[in-house]
Amino acid sequence: MKRILVIDDATTVRMYYRQVLEAQGFAVEEAGNGYEGLEKALVGSFDLYIVDVNMPKMDGYTLLRTIRQEPSICATPAIMISTEGQAQDATAAYAAGANLYFQKPVRPETLVLHVRLLTGEVAP
Amino acid sequence: MNPLLAQFIAESRDQLELTGAGLLAIENNPHDTDKLNEIFRAAHTIKGSSGLFEMRPVTLLVHAAEDLLDALRSQTVTFERGMVDLLLDAFDQVSQWLDLLEQTETLPVELEATARELGAKLRVFLKDIAPEAATDAPSTPAFDELNWIGQFPEEERAALHRRLTESGEPLLAFRYAPDAQCFFQGEDPFYQVRQIPGLALLDFAPTEPWLPLTELDAYCCVLRFEGLACAPHADVATLFRYVPDQVCLLAVPPQVLAVPVGRRDDDPAHYDGFVVEALELVGQEDWAGLRSLIALLLDATDPGDWTASALRWLRRLVKDATPDQAAVRLLLEAIRTEQGPDWLSSLVMDTPPIIATKPQALSDVEQAAFQHIAAEQLRILELPVEPESWSGRIRSVCACLANGLRYARRVDWLEELEEAREIALDTGATATLRGILARLMDNPPPATEEISAVVVKPEELVADKLAIKTLKVDQHKVDRLMDLIGELVVAKNGLPYLAQRAERVYGQRDLAREIKDQYGVINRIAQELQSSIMQIRMMPVGHVFQRFPRLVRDLSKKLDKKINLVVEGEDTEADKNIIETLADPLIHILRNSIDHGIESPEERLSLGKSDEGWIRVKAYQDNDNVAIEISDDGRGVDAAAVKDKAVRRGLITPEQAETISDHEAVQWIFAPGLSTADQVSDISGRGVGMDVVRNSVDKVGGAVTVHSRQGMGTDIRLTLPLSMAVTQVMAVELDGKLLGVPMDIVVETVRLPPAAIYAIKQREAFILRDRLVPLTRLRRLLDLSEPATGDAALATLVVKFHGESVGIVVDNFREGMEVILKPLEGVLAGLRHYAGTALLGDGSVMLVINLKELL
């Protein structure tokens with residue numbers, strides 16, 4: 001089972017991703033801010049990170065940058081999902097280390113499909 | 001309720017509380033960037049989460065608030081006092097909507113108007129910066145006419161027409177206006193359009209005139225697509241099932257291709273004769289005659305004319321053995337007026353609704369997603385990068401591609417990809433990798449049903465070291481646990497009875513001792529369990545204090561008073577129920593202080609005080625109690641006025657009033673109906689308030705006292721138990737029955753020889769350590785007959801009641817015990833002399849008396 005770490009300060013959003021992804025057979029872990037996300041990323045082996053931009057303690061950009069510089073976890077794909085509507089955010093996300101950028105809200109089908117592609121998990 | 005919605009409501013309430021406290025801090029210090037960030041983030045979180053539900057009013061309003069906060073944060077607007085009021089209003093509104101959501105789970109659409117109105121007020125502050133962003137979703141594209149088909153070259157349309165009349169294929173007109181932000185939602189509109197089955201004619205154009213190149217946002221989709229496809233409606237609808245609001249599909253007959261183009265004649269009347277003659281031939285279904293008539297006229301018309309084009313189309317329509325009469329008539333009518341033809345109105349408008357049909361193999365969508373991912377990886381590779389992140393970037397990009405290829409079951413690419421990755425990592429050159437990406441994008445891996453060997457990396461078995469630090473638990477679950485602990489405590493109390501029985505009834509002294517030993521162990525565990533659960537229920541009192549700054553601010557503004565609120569000891573903890581009980585009394589007390597206690601600035605100045613009054617709320621732990629003190633430096637309670645009122649109410653005689661100390665008199669403010677304020681105000685009301693305080697505090701077994709210094713201020717002190725789940729009682733015998741007395745008011749027990757009792761008037765008293773203590777008898781209080789006791793010493797409980805010691809004679813003392821006190825319910829709830837009942841270990845029920853009521 002592919003393991004996904006969802007890092008977002010909004011509990012509702014995390015719960016939403018959890019519902020969507022668990023229904024499709026993914027294992028979901030949650031972290032409420034970038035710092036907690038990094039802690040969890042370092043000890044748990046995940047197949048994908050889903051990262052929010054604006055978070056307390058450590059924001060999504062810093063988290064992604066740190067992840068990409070940490071040899072043990074740097075190869076794990078990451079999706080950044082932001083509430084912001086500006087296009088330059090995508091560039092910032094990619095520069096920081098995201099592999100894919102979406103804007104909230106993401107349709108469940110879109111999210112699941114891209115998560116499948118990024119984790120190589122074929123639909124049952 | 002949908003758990004996701006419940007979660008949203010709970011979380012948003014938390015966030016709203018943050019915004020409330022934060023905004024007040026900002027009002028005092030507009031440059032507190034940390035606070036601003038905190039409020040902004042709270043608003044941002046609510047907005048983001050609200051997008052998951054259908055609640056436009058919340059999203060709209062919070063969005064406006066967020067924009068203003070963002071502008072404040074980035075200092076593009078300067079702080080004004082009015083902003084805080086408006087923002088508070090906005091968040092209050094959201095809070096009300098959350099209440100509504102909790103009850104009904106939906107928000108009426110009408111509320112959007114309220115949201116817009118409030119939002120507009122907020123945006124007034126932003127007016128100078130930028131116009132309101134269009135937050136409305138783009139409207140669904142629709143066809144109002146079909147003449148745009150004329151933009152395709154006539155020859156191509158003619159070829160398509162020929163093909164359709166021969167093959168009988170369906171024809172579909174489509175217009176697709178992708179969302180401007182679609183690239184970020186994983187869509188590739190151009191790819192999507194190219195996937196339309198039977199795509200015959202396609203045109204794309206910007207939705208607005210092109211901006212200069214320097215201002216063009218390359219990541220914003222400004223195109224709309226329209227065209228024709230030879231495909232059934234359902235097939236195309238399936239393709240667009242994720243963006244149904246962005247496409248318009250219309251099944252059309254082949255004649256819609258007949259849109260004449262060319263130079264228009266100045267006077268269409270030239271062709272009137274032809275049209276009349278042609279219509280006659282149509283009526284007779286003389287198609288051959290019509291064809292030769294058309295040929296005749298075509299020869300005489302300039303091929304570049306609009307009419308020539310129309311005639312050529314007419315010729316194509318009647319080429320068939322059985323032309324569509326209606327279509328021919330419509331085109332003739334067009335020739336007569338040199339307008340149209342209006343094919344759209346002629347069509348029966350029975351467009352089937354675009355509903356996602358059942359998903360087939362997702363291959364198209366999957367391919368589009370794969371290509372999107374590949375494109376984004378290419379884009380990533382082209383971005384500048386810090387050297388430390390280089391390896392991570394290459395590795396993650398390759399991992400994404402490799403997983404995508406595995407998903408597409410194209411493992412044959414994996415080896416090449418890995419080579420390219422090694423080259424990139426070793427040499428820093430990404431050319432090979434980008435080459436692969438380019439090839440993948442041009443030639444996406446077809447998703448086939450054929451299953452080739454899927455390389456599955458063995459999962460690394462890593463022990464789950466993730467430590468979850470905080471759990472959010474439904475309160476009902478904790479309450480349930482609490483109840484169970486209560487039952488455990490009662491069941492445990494049955495063991496001593498069992499030991500007694502073992503010894504007395506069965507003569508098993510050893511067994512009795514073993515049971516007692518075992519009881520000791522279980523007792524210890526039960527107590528630990530109990531205190532652990534108590535810890536879970538403990539909450540900082542600051543939870544209640546949070547509301548105070550707002551209350552003080554709003555009220556003092558309303559009353560034109562200047563008040564400085566000082567809050568201390570917010571971290572002091574107490575049981576959740578106690579904390580919740582605290583909220584109302586504390587607010588009553590605060591309101592009283594603000595309304596009646598603190599004087600107006602002018603009055604204060606005339607009294608030689610500073611114009612700004614203060615109110616201090618201080619919490620601390622005092623043994624097994626939580627103490628909360630509310631002090632102010634206002635005018636204090638007018639003891640004379642209280643006495644006066646009490647006399648007028650007939651509660652005491654004027655003579656009694658003389659003998660009562662001011663301190664005692666002041667305590668009466670807690671009595672029902674004794675408010676000394678002369679004017680009824682809408683803030684603390686009149687006469688209600690302080691008695692409510694005493695009631696709530698009594699209910700949880702607490703106490704309240706007041707100290708007042710005329711003209712100097714008032715101190716009110718609440719003492720509340722830390723927890724109320726398990727009650728310590730002392731069992732006493734009375735008339736052959738067991739009664740419980742709450743242990744918290746029992747100070748000591750004494751056995752009084754009858755000689756030590758003095759009769760003073762109708763009452764009794766005794767001397768305890770040189771102090772005269774009034775004595776009362778429980779039997780008398782409960783209206784039981786008094787047996788003759790002779791010279792036996794009287795078992796007397798000494799209890800502390802409102803700061804005074806009182807002796808209470810009972811028949812005999814029994815052990816102290818822990819019980820779960822269940823309040824009386826139903827008709828028995830009116831029996832205020834009893835605090836409740838408790839189940840004993842032997843299964844019997846003991847009544848616990850409420851001494852405060854009895855005395």
# chains A, B, ... in the order shown; residues from 1 in each chain; ligands from 1
>>> select_by_dssp(residues="stretch 135-273 of chain B", states="helix (DSSP H, G or I)", output="JSON, numbers by chain")
{"B": [147, 148, 149, 150, 151, 154, 155, 156, 157, 158, 159, 160, 161, 162, 163, 164, 165, 166, 167, 182, 183, 184, 185, 189, 190, 191, 192, 193, 194, 213, 214, 215, 233, 234, 235, 236, 237, 238, 239, 244, 245, 246, 254, 255, 256, 257, 268, 269, 270, 271, 272, 273]}
>>> interface_residues(of="chain B", to="chain A", cutoff="6 Å", atoms="only C-alpha atoms", output="list in words")
Gln7, Phe8, Thr45, Gly48, Ser49, Phe184, Gln185, Tyr219, Ile380, Glu388, Ser389, Gly392, Arg395, Ser396, Cys400, Asn403, Gly404, Arg406 and Tyr407 of chain B
>>> write_last_selection(atoms="N, CA and C atoms", output="JSON list (two decimals), in the first residue's frame")
[["chain", "number", "residue", "atom", "x", "y", "z"],
["B", 7, "GLN", "N", -16.14, 18.61, 11.13],
["B", 7, "GLN", "CA", -14.74, 18.97, 11.36],
["B", 7, "GLN", "C", -14.50, 20.42, 10.93],
["B", 8, "PHE", "N", -15.07, 20.75, 9.79],
["B", 8, "PHE", "CA", -14.88, 22.12, 9.28],
["B", 8, "PHE", "C", -15.43, 23.13, 10.29],
["B", 45, "THR", "N", -7.11, 29.73, 6.30],
["B", 45, "THR", "CA", -7.48, 28.34, 6.53],
["B", 45, "THR", "C", -8.99, 28.15, 6.37],
["B", 48, "GLY", "N", -9.84, 28.40, 2.67],
["B", 48, "GLY", "CA", -9.39, 27.23, 1.93],
["B", 48, "GLY", "C", -10.31, 26.04, 2.17],
["B", 49, "SER", "N", -10.64, 25.80, 3.44],
["B", 49, "SER", "CA", -11.47, 24.63, 3.75],
["B", 49, "SER", "C", -12.90, 24.82, 3.27],
["B", 184, "PHE", "N", -3.24, 24.56, -13.70],
["B", 184, "PHE", "CA", -2.90, 24.17, -12.33],
["B", 184, "PHE", "C", -3.86, 23.13, -11.78],
["B", 185, "GLN", "N", -4.84, 22.79, -12.56],
["B", 185, "GLN", "CA", -5.74, 21.74, -12.11],
["B", 185, "GLN", "C", -5.49, 20.46, -12.91],
["B", 219, "TYR", "N", 1.02, 31.29, -17.97],
["B", 219, "TYR", "CA", 0.43, 30.17, -17.25],
["B", 219, "TYR", "C", -1.06, 30.33, -17.05],
["B", 380, "ILE", "N", 10.26, 22.03, -14.55],
["B", 380, "ILE", "CA", 11.05, 22.04, -13.31],
["B", 380, "ILE", "C", 12.54, 22.01, -13.65],
["B", 388, "GLU", "N", 22.57, 22.46, -3.55],
["B", 388, "GLU", "CA", 22.23, 21.42, -2.56],
["B", 388, "GLU", "C", 20.96, 20.67, -2.96],
["B", 389, "SER", "N", 20.10, 21.35, -3.72],
["B", 389, "SER", "CA", 18.82, 20.73, -4.07],
["B", 389, "SER", "C", 18.90, 19.98, -5.40],
["B", 392, "GLY", "N", 18.27, 16.19, -5.28],
["B", 392, "GLY", "CA", 16.88, 15.94, -4.90],
["B", 392, "GLY", "C", 15.93, 16.21, -6.04],
["B", 395, "ARG", "N", 16.36, 13.45, -8.73],
["B", 395, "ARG", "CA", 15.83, 12.17, -8.25],
["B", 395, "ARG", "C", 14.31, 12.18, -8.19],
["B", 396, "SER", "N", 13.75, 13.29, -7.69],
["B", 396, "SER", "CA", 12.28, 13.31, -7.55],
["B", 396, "SER", "C", 11.62, 13.38, -8.93],
["B", 400, "CYS", "N", 9.06, 10.57, -10.31],
["B", 400, "CYS", "CA", 7.72, 10.86, -10.83],
["B", 400, "CYS", "C", 7.50, 10.20, -12.18],
["B", 403, "ASN", "N", 7.40, 6.35, -11.94],
["B", 403, "ASN", "CA", 6.12, 5.89, -11.42],
["B", 403, "ASN", "C", 5.03, 6.04, -12.47],
["B", 404, "GLY", "N", 5.09, 7.16, -13.19],
["B", 404, "GLY", "CA", 4.11, 7.37, -14.26],
["B", 404, "GLY", "C", 4.22, 6.27, -15.32],
["B", 406, "ARG", "N", 5.45, 3.28, -14.89],
["B", 406, "ARG", "CA", 4.97, 2.03, -14.30],
["B", 406, "ARG", "C", 3.46, 1.98, -14.38],
["B", 407, "TYR", "N", 2.86, 3.12, -14.07],
["B", 407, "TYR", "CA", 1.40, 3.19, -14.11],
["B", 407, "TYR", "C", 0.92, 2.90, -15.51]]
>>> select_by_dssp(residues="chain A", states="strand (DSSP E or B)", output="PDB file with C-alpha atoms, in the first residue's frame")
ATOM      1  CA  ARG A   3       1.892   5.785   1.874  1.00  0.00           C
ATOM      2  CA  ILE A   4       1.054   9.448   1.501  1.00  0.00           C
ATOM      3  CA  LEU A   5       1.914  12.233   3.905  1.00  0.00           C
ATOM      4  CA  VAL A   6      -0.528  15.135   3.846  1.00  0.00           C
ATOM      5  CA  ILE A   7       0.878  18.347   5.301  1.00  0.00           C
ATOM      6  CA  ALA A  27      -2.449   4.923   3.446  1.00  0.00           C
ATOM      7  CA  VAL A  28      -2.584   8.505   4.630  1.00  0.00           C
ATOM      8  CA  GLU A  29      -0.615  10.187   7.395  1.00  0.00           C
ATOM      9  CA  GLU A  30      -1.174  13.787   8.421  1.00  0.00           C
ATOM     10  CA  ALA A  31       0.950  16.633   9.670  1.00  0.00           C
ATOM     11  CA  LEU A  48       4.324  10.989  -1.905  1.00  0.00           C
ATOM     12  CA  TYR A  49       3.993  14.256  -0.043  1.00  0.00           C
ATOM     13  CA  ILE A  50       1.016  16.544  -0.460  1.00  0.00           C
ATOM     14  CA  VAL A  51       2.023  19.955   0.814  1.00  0.00           C
ATOM     15  CA  ASP A  52       0.110  23.156   1.563  1.00  0.00           C
ATOM     16  CA  ALA A  78       5.684  15.990  -3.941  1.00  0.00           C
ATOM     17  CA  ILE A  79       2.481  17.768  -4.911  1.00  0.00           C
ATOM     18  CA  MET A  80       1.968  21.302  -3.714  1.00  0.00           C
ATOM     19  CA  ILE A  81      -1.621  22.425  -3.352  1.00  0.00           C
ATOM     20  CA  SER A  82      -2.257  26.068  -2.678  1.00  0.00           C
ATOM     21  CA  LEU A 100       3.211  19.095  -9.433  1.00  0.00           C
ATOM     22  CA  TYR A 101       1.190  22.140  -8.493  1.00  0.00           C
ATOM     23  CA  PHE A 102      -2.538  22.428  -7.976  1.00  0.00           C
ATOM     24  CA  GLN A 103      -4.883  25.005  -6.714  1.00  0.00           C
TER      25      GLN A 103
END
>>> atom_distance(atom1="atom CA of B:Ile660", atom2="atom CA of B:Val647")
11.9 Å
